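J.: Dropping in query35.cif, which is mmCIF, C-alpha atoms:
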```cif
data_input
loop_
_atom_site.label_atom_id
_atom_site.label_comp_id
_atom_site.auth_asym_id
_atom_site.auth_seq_id
_atom_site.Cartn_x
_atom_site.Cartn_y
_atom_site.Cartn_z
CA MET A 30 108.63 118.85 107.21
CA LYS A 31 106.47 119.37 104.15
CA GLY A 32 102.88 118.20 104.06
CA SER A 33 101.33 115.98 106.68
CA PHE A 34 103.99 113.29 106.27
CA TYR A 35 103.97 112.07 109.82
CA ILE A 36 100.80 111.19 111.67
CA LEU A 37 101.94 109.10 114.60
CA ILE A 38 99.07 106.79 115.49
CA LEU A 39 99.60 104.13 118.10
CA PHE A 40 97.00 101.44 118.73
CA LEU A 41 96.80 99.03 121.65
CA LEU A 42 96.26 95.77 119.83
CA LEU A 43 93.52 93.56 121.06
CA GLN A 44 94.81 90.04 120.81
CA SER A 45 97.99 88.03 121.17
CA CYS A 46 98.72 84.40 120.47
CA SER A 47 100.46 81.59 122.33
CA LYS A 48 101.53 79.62 119.25
CA GLU A 49 103.44 80.78 116.20
CA PHE A 50 101.72 78.32 113.83
CA VAL A 51 98.53 76.29 114.02
CA GLN A 52 97.44 73.19 112.12
CA THR A 53 93.69 73.67 112.58
CA ASP A 54 91.98 76.59 110.94
CA PRO A 55 90.15 78.42 113.77
CA LEU A 56 87.66 79.85 111.27
CA THR A 57 86.41 76.39 110.24
CA GLY A 58 87.57 74.18 113.11
CA GLU A 59 89.04 71.80 110.55
CA GLU A 60 92.50 70.94 109.31
CA VAL A 61 93.93 73.49 106.89
CA GLN A 62 93.56 72.57 103.22
CA PHE A 63 95.08 73.50 99.88
CA LEU A 64 93.99 76.88 98.59
CA THR A 65 94.09 75.58 95.02
CA THR A 66 94.81 72.21 93.42
CA LYS A 67 95.91 73.70 90.09
CA ASP A 68 99.69 73.63 89.73
CA SER A 69 99.62 76.56 87.32
CA ALA A 70 97.31 78.74 89.44
CA THR A 71 98.45 81.99 91.01
CA CYS A 72 96.54 83.27 94.03
CA GLN A 73 96.33 86.96 94.90
CA ILE A 74 94.85 88.58 98.00
CA SER A 75 91.25 89.63 97.44
CA LYS A 76 90.27 90.57 101.03
CA ILE A 77 92.06 91.61 104.19
CA ARG A 78 89.81 91.45 107.25
CA GLN A 79 90.19 92.19 110.94
CA ILE A 80 88.28 89.43 112.69
CA SER A 81 87.17 88.16 116.07
CA GLY A 82 86.00 84.58 115.67
CA LYS A 83 83.78 84.66 112.60
CA THR A 84 82.96 88.37 112.93
CA SER A 85 84.69 90.78 110.54
CA PHE A 86 85.46 94.37 111.44
CA ASN A 87 87.53 96.70 109.25
CA ARG A 88 88.10 95.09 105.88
CA LEU A 89 89.73 95.90 102.58
CA GLU A 90 88.33 94.24 99.46
CA PHE A 91 89.94 94.22 96.02
CA GLN A 92 87.90 93.72 92.87
CA ARG A 93 89.93 91.67 90.37
CA ASP A 94 89.18 90.58 86.84
CA ASN A 95 89.68 87.02 85.55
CA GLY A 96 93.38 87.72 85.05
CA ASN A 97 93.73 88.94 88.67
CA LYS A 98 94.21 92.55 87.55
CA ILE A 99 92.90 94.89 90.23
CA MET A 100 90.00 96.98 88.96
CA GLY A 101 88.84 98.63 92.18
CA LEU A 102 88.79 98.46 95.96
CA ASN A 103 86.45 99.14 98.87
CA TYR A 104 87.45 99.81 102.46
CA TYR A 105 84.70 99.10 104.99
CA ASP A 106 84.40 100.86 108.33
CA SER A 107 84.00 98.52 111.31
CA ILE A 108 81.40 100.62 113.12
CA THR A 109 78.92 101.29 110.33
CA ASN A 110 79.86 98.38 108.03
CA THR A 111 79.65 100.82 105.13
CA VAL A 112 82.23 101.78 102.53
CA ASP A 113 84.52 104.40 104.07
CA TYR A 114 86.77 104.63 101.01
CA LYS A 115 86.53 103.32 97.47
CA ALA A 116 88.53 103.60 94.28
CA SER A 117 88.25 102.36 90.72
CA PHE A 118 91.19 102.00 88.35
CA GLN A 119 91.22 102.79 84.65
CA TYR A 120 94.10 101.44 82.58
CA HIS A 121 95.44 103.56 79.69
CA GLY A 122 98.55 101.90 78.35
CA ASP A 123 101.10 101.97 81.17
CA THR A 124 99.11 104.56 83.17
CA ILE A 125 96.55 103.72 85.85
CA VAL A 126 94.14 106.54 86.66
CA MET A 127 92.02 106.82 89.81
CA GLY A 128 90.26 110.18 89.91
CA ASN A 129 91.10 113.58 88.44
CA ALA A 130 94.44 114.12 90.18
CA GLU A 131 95.77 110.70 91.06
CA TRP A 132 97.61 108.24 88.83
CA MET A 133 100.28 105.57 88.71
CA VAL A 134 102.68 104.46 86.00
CA GLN A 135 103.32 100.72 85.68
CA ASP A 136 106.21 98.95 84.00
CA PRO A 137 104.67 97.08 81.03
CA LYS A 138 106.85 93.99 81.57
CA THR A 139 107.29 93.58 85.34
CA LYS A 140 104.00 95.32 86.26
CA ASN A 141 105.86 97.07 89.08
CA ILE A 142 104.64 100.59 89.86
CA ASN A 143 107.31 103.11 88.82
CA GLN A 144 105.53 106.34 89.75
CA TYR A 145 102.59 107.42 91.85
CA PHE A 146 101.18 110.98 91.77
CA PHE A 147 98.87 112.21 94.51
CA ARG A 148 97.33 115.58 95.35
CA ASP A 149 97.11 115.95 99.13
CA THR A 150 94.15 118.14 100.09
CA THR A 151 93.84 117.09 103.73
CA ASN A 152 95.03 120.53 104.83
CA ASP A 153 92.40 123.13 103.90
CA LEU A 154 95.05 125.86 103.77
CA LEU A 155 97.70 123.99 101.81
CA VAL A 156 97.56 121.65 98.82
CA ASP A 157 100.59 119.49 98.07
CA ASP A 158 101.26 117.76 94.75
CA ILE A 159 103.40 114.73 95.59
CA LEU A 160 105.25 112.46 93.18
CA TYR A 161 106.66 109.13 94.36
CA GLU A 162 109.28 107.38 92.25
CA TYR A 163 110.21 103.73 92.84
CA LYS A 164 113.54 102.15 91.92
CA TYR A 165 113.97 98.38 91.54
CA ASP A 166 117.02 96.15 91.21
CA LEU A 167 117.57 93.62 88.43
CA ASN A 168 115.75 90.97 90.48
CA GLY A 169 112.65 93.14 90.81
CA LYS A 170 113.07 94.15 94.47
CA LEU A 171 112.15 97.68 95.49
CA VAL A 172 115.44 99.25 96.62
CA GLN A 173 114.67 102.97 96.77
CA LYS A 174 111.80 105.42 96.88
CA LEU A 175 112.13 109.13 96.10
CA ILE A 176 109.45 111.62 97.15
CA PHE A 177 109.08 115.01 95.45
CA TYR A 178 106.80 117.75 96.79
CA ASN A 179 105.29 120.36 94.49
CA TYR A 180 107.41 119.65 91.43
CA SER A 181 110.74 119.91 93.18
CA THR A 182 113.65 118.64 91.10
CA GLU A 183 115.42 117.25 94.18
CA PRO A 184 113.75 114.67 96.46
CA ASP A 185 112.31 115.82 99.76
CA TYR A 186 112.50 112.30 101.22
CA ILE A 187 114.47 109.18 100.32
CA THR A 188 113.79 105.63 101.49
CA ASN A 189 116.27 102.78 101.07
CA TYR A 190 115.15 99.13 101.31
CA LEU A 191 117.71 96.48 102.27
CA TYR A 192 117.28 92.73 101.75
CA ASP A 193 118.64 89.37 102.80
CA GLY A 194 117.81 87.26 99.77
CA ASN A 195 114.16 88.00 98.94
CA ASN A 196 113.31 89.13 102.46
CA LEU A 197 113.29 92.79 103.40
CA PHE A 198 115.19 93.25 106.67
CA THR A 199 115.65 97.03 107.00
CA THR A 200 113.88 100.15 105.74
CA GLN A 201 115.65 103.49 106.20
CA LEU A 202 113.84 106.79 105.66
CA PHE A 203 115.96 109.91 105.21
CA ALA A 204 115.35 113.57 104.54
CA GLY A 205 116.16 114.69 101.01
CA ASP A 206 119.85 115.13 101.81
CA GLY A 207 120.15 111.34 102.12
CA ILE A 208 121.97 111.81 105.45
CA THR A 209 119.41 112.88 108.06
CA LYS A 210 117.72 109.69 109.23
CA LEU A 211 114.06 110.06 110.18
CA MET A 212 112.95 106.46 110.61
CA GLN A 213 114.26 102.91 110.48
CA THR A 214 112.28 99.68 110.41
CA ASP A 215 113.91 96.31 111.17
CA LEU A 216 112.28 92.94 110.52
CA THR A 217 112.99 89.42 111.76
CA TYR A 218 111.62 86.22 110.22
CA ASP A 219 111.12 82.55 110.96
CA LEU A 220 113.68 81.25 108.49
CA ASN A 221 112.42 77.68 108.84
CA THR A 222 108.98 78.44 107.41
CA THR A 223 108.56 79.11 103.69
CA ILE A 224 105.37 80.81 102.52
CA LYS A 225 104.09 81.94 99.14
CA PRO A 226 104.95 85.58 98.41
CA TRP A 227 102.69 87.39 100.84
CA LEU A 228 102.73 91.01 102.00
CA TYR A 229 104.75 94.12 101.43
CA LEU A 230 106.21 94.98 104.82
CA TYR A 231 107.39 98.52 104.12
CA GLY A 232 107.35 100.43 107.41
CA ASP A 233 108.15 103.91 106.11
CA ALA A 234 104.72 105.56 106.41
CA PHE A 235 103.88 104.14 103.01
CA GLU A 236 101.81 106.53 100.93
CA SER A 237 98.80 104.29 100.35
CA TYR A 238 98.57 101.07 102.31
CA ARG A 239 95.19 100.47 100.68
CA PHE A 240 96.81 100.25 97.24
CA LEU A 241 99.98 98.60 98.47
CA GLN A 242 98.86 94.97 98.75
CA GLY A 243 96.85 95.12 95.52
CA PHE A 244 99.48 96.36 93.09
CA SER A 245 103.05 95.29 92.41
CA PHE A 246 105.80 97.15 94.26
CA GLY A 247 108.55 94.57 93.80
CA SER A 248 109.17 91.16 95.38
CA ARG A 249 107.28 90.06 98.47
CA SER A 250 108.69 88.15 101.42
CA THR A 251 108.68 84.35 101.33
CA ARG A 252 109.28 83.81 105.05
CA ALA A 253 106.88 84.36 107.92
CA VAL A 254 107.68 87.64 109.66
CA LYS A 255 108.04 87.38 113.45
CA LYS A 256 108.72 90.96 114.55
CA ILE A 257 108.79 94.46 113.10
CA VAL A 258 110.47 97.28 115.04
CA SER A 259 110.32 100.89 113.81
CA THR A 260 112.39 103.66 115.37
CA ILE A 261 111.55 107.35 114.86
CA TYR A 262 114.41 109.86 115.09
CA ASP A 263 114.62 113.57 115.84
CA ALA A 264 115.74 115.19 112.59
CA ASN A 265 117.68 117.92 114.41
CA TYR A 266 119.57 115.93 117.04
CA GLY A 267 119.37 112.31 115.91
CA ASN A 268 118.01 111.00 119.20
CA THR A 269 115.16 108.47 119.35
CA LEU A 270 111.69 109.97 119.62
CA ASP A 271 109.62 106.79 119.63
CA THR A 272 109.76 103.07 118.93
CA TRP A 273 106.97 100.84 117.62
CA THR A 274 107.19 97.07 118.07
CA THR A 275 104.78 94.60 116.48
CA ASN A 276 104.91 90.82 116.98
CA PHE A 277 103.38 88.41 114.48
CA GLY A 278 102.18 84.93 115.46
CA GLY A 279 99.26 82.55 115.34
CA TYR A 280 99.86 81.90 111.65
CA VAL A 281 97.35 79.78 109.78
CA ILE A 282 99.00 78.60 106.55
CA SER A 283 97.35 76.55 103.83
CA LYS A 284 98.93 73.29 102.67
CA ASP A 285 100.17 75.09 99.57
CA GLN A 286 101.84 77.72 101.78
CA TYR A 287 99.46 80.68 101.49
CA VAL A 288 98.99 82.67 104.72
CA LEU A 289 95.32 82.54 105.69
CA GLN A 290 95.50 84.26 109.07
CA VAL A 291 97.93 85.98 111.42
CA THR A 292 97.66 87.72 114.78
CA CYS A 293 99.58 90.92 115.52
CA ASP A 294 100.22 92.37 118.96
CA GLY A 295 102.08 95.42 120.18
CA GLU A 296 101.80 98.63 118.18
CA ILE A 297 100.57 99.23 114.67
CA GLN A 298 103.16 99.92 111.99
CA GLN A 299 102.20 103.16 110.26
CA GLY A 300 103.11 101.93 106.80
CA MET A 301 100.89 98.83 107.07
CA GLY A 302 97.56 100.39 107.91
CA LEU A 303 94.98 98.03 109.37
CA PHE A 304 97.30 95.29 110.66
CA LEU A 305 96.29 94.96 114.29
CA GLY A 306 94.67 92.11 116.17
CA THR A 307 93.77 89.01 114.14
CA ILE A 308 93.86 89.44 110.38
CA ARG A 309 92.26 87.09 107.86
CA PHE A 310 93.24 86.85 104.17
CA ASP A 311 91.03 85.72 101.29
CA TYR A 312 92.44 84.95 97.85
CA GLN A 313 91.41 84.81 94.21
CA CYS A 314 93.16 82.04 92.29
CA ASN A 315 93.53 81.93 88.50
#
```
Please, can you express the file's structure as structure tokens?
T.:
Amino acid sequence: MKGSFYILILFLLLQSCSKEFVQTDPLTGEEVQFLTTKDSATCQISKIRQISGKTSFNRLEFQRDNGNKIMGLNYYDSITNTVDYKASFQYHGDTIVMGNAEWMVQDPKTKNINQYFFRDTTNDLLVDDILYEYKYDLNGKLVQKLIFYNYSTEPDYITNYLYDGNNLFTTQLFAGDGITKLMQTDLTYDLNTTIKPWLYLYGDAFESYRFLQGFSFGSRSTRAVKKIVSTIYDANYGNTLDTWTTNFGGYVISKDQYVLQVTCDGEIQQGMGLFLGTIRFDYQCN
């Protein structure tokens, strides 16, 4: 495999929950309320925090302007409570620049990200220039991702995203031949609970989970996810190497259907980054 594409990190998650949904917000001890009373308002995630009671640990904060455009982000380390990673975004037409060798291209109408270029310098002996291309259907759902290493004209990896309505139910990661399966992620939802478009639940070792929830990569799910199961395959023989299972419960949902809190137990999904234990969401509404 090229680059450091797979880093298999398994976490023992700290908390589980006995109820799928709660009516009282455990952060305030009061009944959940509306996030906004303006019918025309749109609310976007501004913070994602791992919490225990009222204490925050790892957290990701987006800086947004008055139009909810993301201008920067800070990721705080739980041990030192200092910024472990930060980025600022400069907009030049349809191009978003963050540093000397990292950029994205955004569709001017849909605002979906069409390309993301990244120079991987994590290996001192090898530098990889990686281009990600994103393909969307006519309804704006991300249906395919192509990954090109070091200016290759043929993709080195291909991911297909399959949906039931607006809800992603399977992600399939293949080698560049489009045949050799490396990973599959399957999702199940509570179909009786409608939420406002929430998270991207791409399980395919997504290239930057820190950017993922701040920018537009297609439609988001509108049902509460219950379980995510990812299976890792041996590229040579096709047998299963590992399986990651994550359960989602303990949802706190505002009266206008925004997810305020969720608890995850099991194993972390590599493509989703910091989602382990109890996660709190803050929003900016405009």
J.: If you apply the PyMOL selection byres ((chain A and resi 148-161) around 9) to this file, what residues do you get, as a ChimeraX atom specification?
T.: /A:31-33,130-131,143-147,162-163,174-180,236
J.: Do you have the atom CA of A:Tyr190-atom CA of A:Val291 distance handy?
T.: 23.9 Å
J.: For each of A:Gln62, A:Ser283, A:Thr307, A:Ser69, take the minimum atom-to-atom distance to A:Gly82, counting all atoms listed in the file, then give the residue where this is smallest.
T.: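 Going through A:Gln62, A:Ser283, A:Thr307, A:Ser69 one by one, the smallest distance to A:Gly82 is for A:Thr307.
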J.: Using all atoms listed in the file, find the one residue out of A:Ser248, A:Asn196, A:Asn189, A:Asn97 that sits nearest to A:Ala70.
T.: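 Of A:Ser248, A:Asn196, A:Asn189, A:Asn97, the one nearest A:Ala70 is A:Asn97, counting all atoms listed in the file.
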J.: Looking at only C-alpha atoms, which of A:Gln79, A:Ser250, A:Thr274, A:Thr53 is the one that sits closest to A:Asp311?
T.: A:Gln79
J.: Restricting the calculation to all atoms listed in the file: of A:Trp273, A:Tyr238, A:Tyr218, A:Phe86, which residue gets closest to A:Ile108?
T.: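 Ranking A:Trp273, A:Tyr238, A:Tyr218, A:Phe86 by distance to A:Ile108, first place goes to A:Phe86.
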J.: Smallest atom-to-atom distance to A:Tyr280: which of A:Asn315, A:Thr292, A:Thr200, A:Tyr266, using all atoms listed in the file?
T.: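 Selected residue with least distance to A:Tyr280: A:Thr292.
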J.: If the PyMOL selection byres ((chain A and resi 110) around 12) were run on this exact file, what residues would it hold? Put them as a list in words.
T.: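 Here the PyMOL selection byres ((chain A and resi 110) around 12) matches Thr84, Ser85, Phe86, Asn87, Arg88, Leu89, Asn103, Tyr104, Tyr105, Asp106, Ser107, Ile108, Thr109, Thr111, Val112, Asp113 and Tyr114 of chain A.
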J.: Let's have the selection written as a PDB file, keeping the file's coordinate frame, with C-alpha atoms.
T.:
```pdb
ATOM      1  CA  THR A  84      82.960  88.370 112.930  1.00  0.00           C
ATOM      2  CA  SER A  85      84.690  90.780 110.540  1.00  0.00           C
ATOM      3  CA  PHE A  86      85.460  94.370 111.440  1.00  0.00           C
ATOM      4  CA  ASN A  87      87.530  96.700 109.250  1.00  0.00           C
ATOM      5  CA  ARG A  88      88.100  95.090 105.880  1.00  0.00           C
ATOM      6  CA  LEU A  89      89.730  95.900 102.580  1.00  0.00           C
ATOM      7  CA  ASN A 103      86.450  99.140  98.870  1.00  0.00           C
ATOM      8  CA  TYR A 104      87.450  99.810 102.460  1.00  0.00           C
ATOM      9  CA  TYR A 105      84.700  99.100 104.990  1.00  0.00           C
ATOM     10  CA  ASP A 106      84.400 100.860 108.330  1.00  0.00           C
ATOM     11  CA  SER A 107      84.000  98.520 111.310  1.00  0.00           C
ATOM     12  CA  ILE A 108      81.400 100.620 113.120  1.00  0.00           C
ATOM     13  CA  THR A 109      78.920 101.290 110.330  1.00  0.00           C
ATOM     14  CA  THR A 111      79.650 100.820 105.130  1.00  0.00           C
ATOM     15  CA  VAL A 112      82.230 101.780 102.530  1.00  0.00           C
ATOM     16  CA  ASP A 113      84.520 104.400 104.070  1.00  0.00           C
ATOM     17  CA  TYR A 114      86.770 104.630 101.010  1.00  0.00           C
TER      18      TYR A 114
END
```
J.: I would like the residues chosen by the PyMOL selection byres ((chain A and resi 298) around 8) on the shown file; could you give them as a list in words?
T.: Gly232, Ile257, Ser259, Trp273, Thr274, Thr275, Glu296, Ile297, Gln299, Gly300, Met301, Gly302 and Phe304 of chain A
J.: Give me, please, the distance in Å between atom CA of A:Asp271 and atom CA of A:Gly295, quoted to one decimal.
T.: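 These two atoms are separated by 13.7 Å.
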J.: Give me, please, the distance in Å between atom CA of A:Asn276 and atom CA of A:Leu56, quoted to one decimal.
T.: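 About the pair atom CA of A:Asn276 and atom CA of A:Leu56: they are 21.2 Å apart.
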J.: Around (93.2, 85.6, 93.4) in the file's own coordinates, what residues are found within 9 Å if you use only C-alpha atoms, given back as a list in words?
T.: Ala70, Thr71, Cys72, Gln73, Ile74, Ser75, Arg93, Asn95, Gly96, Asn97, Asp311, Tyr312, Gln313, Cys314 and Asn315 of chain A
J.: Identify, on the basis of only C-alpha atoms, every residue whose closest approach to A:Phe118 does not exceed 7 Å; exclude the query and any residue fewer than 3 positions from it along the same chain; express the result as a ChimeraX atom specification.
T.: /A:100-101,125-127
J.: So, with only C-alpha atoms as the atoms that count, which of A:Leu228, A:Ile261, A:Ile208, A:Leu220 lies closest to A:Gly247?
T.: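 Ranked by minimum distance to A:Gly247, first place goes to A:Leu228.
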J.: List every protein, DNA or RNA residue that has at least one atom no more than 12 Å from (109.8, 93.0, 96.6) in the file's coordinates, counting all atoms listed in the file, and write the result as a ChimeraX atom specification.
T.: /A:139,141-142,163-173,190-198,226-231,241-242,244-251
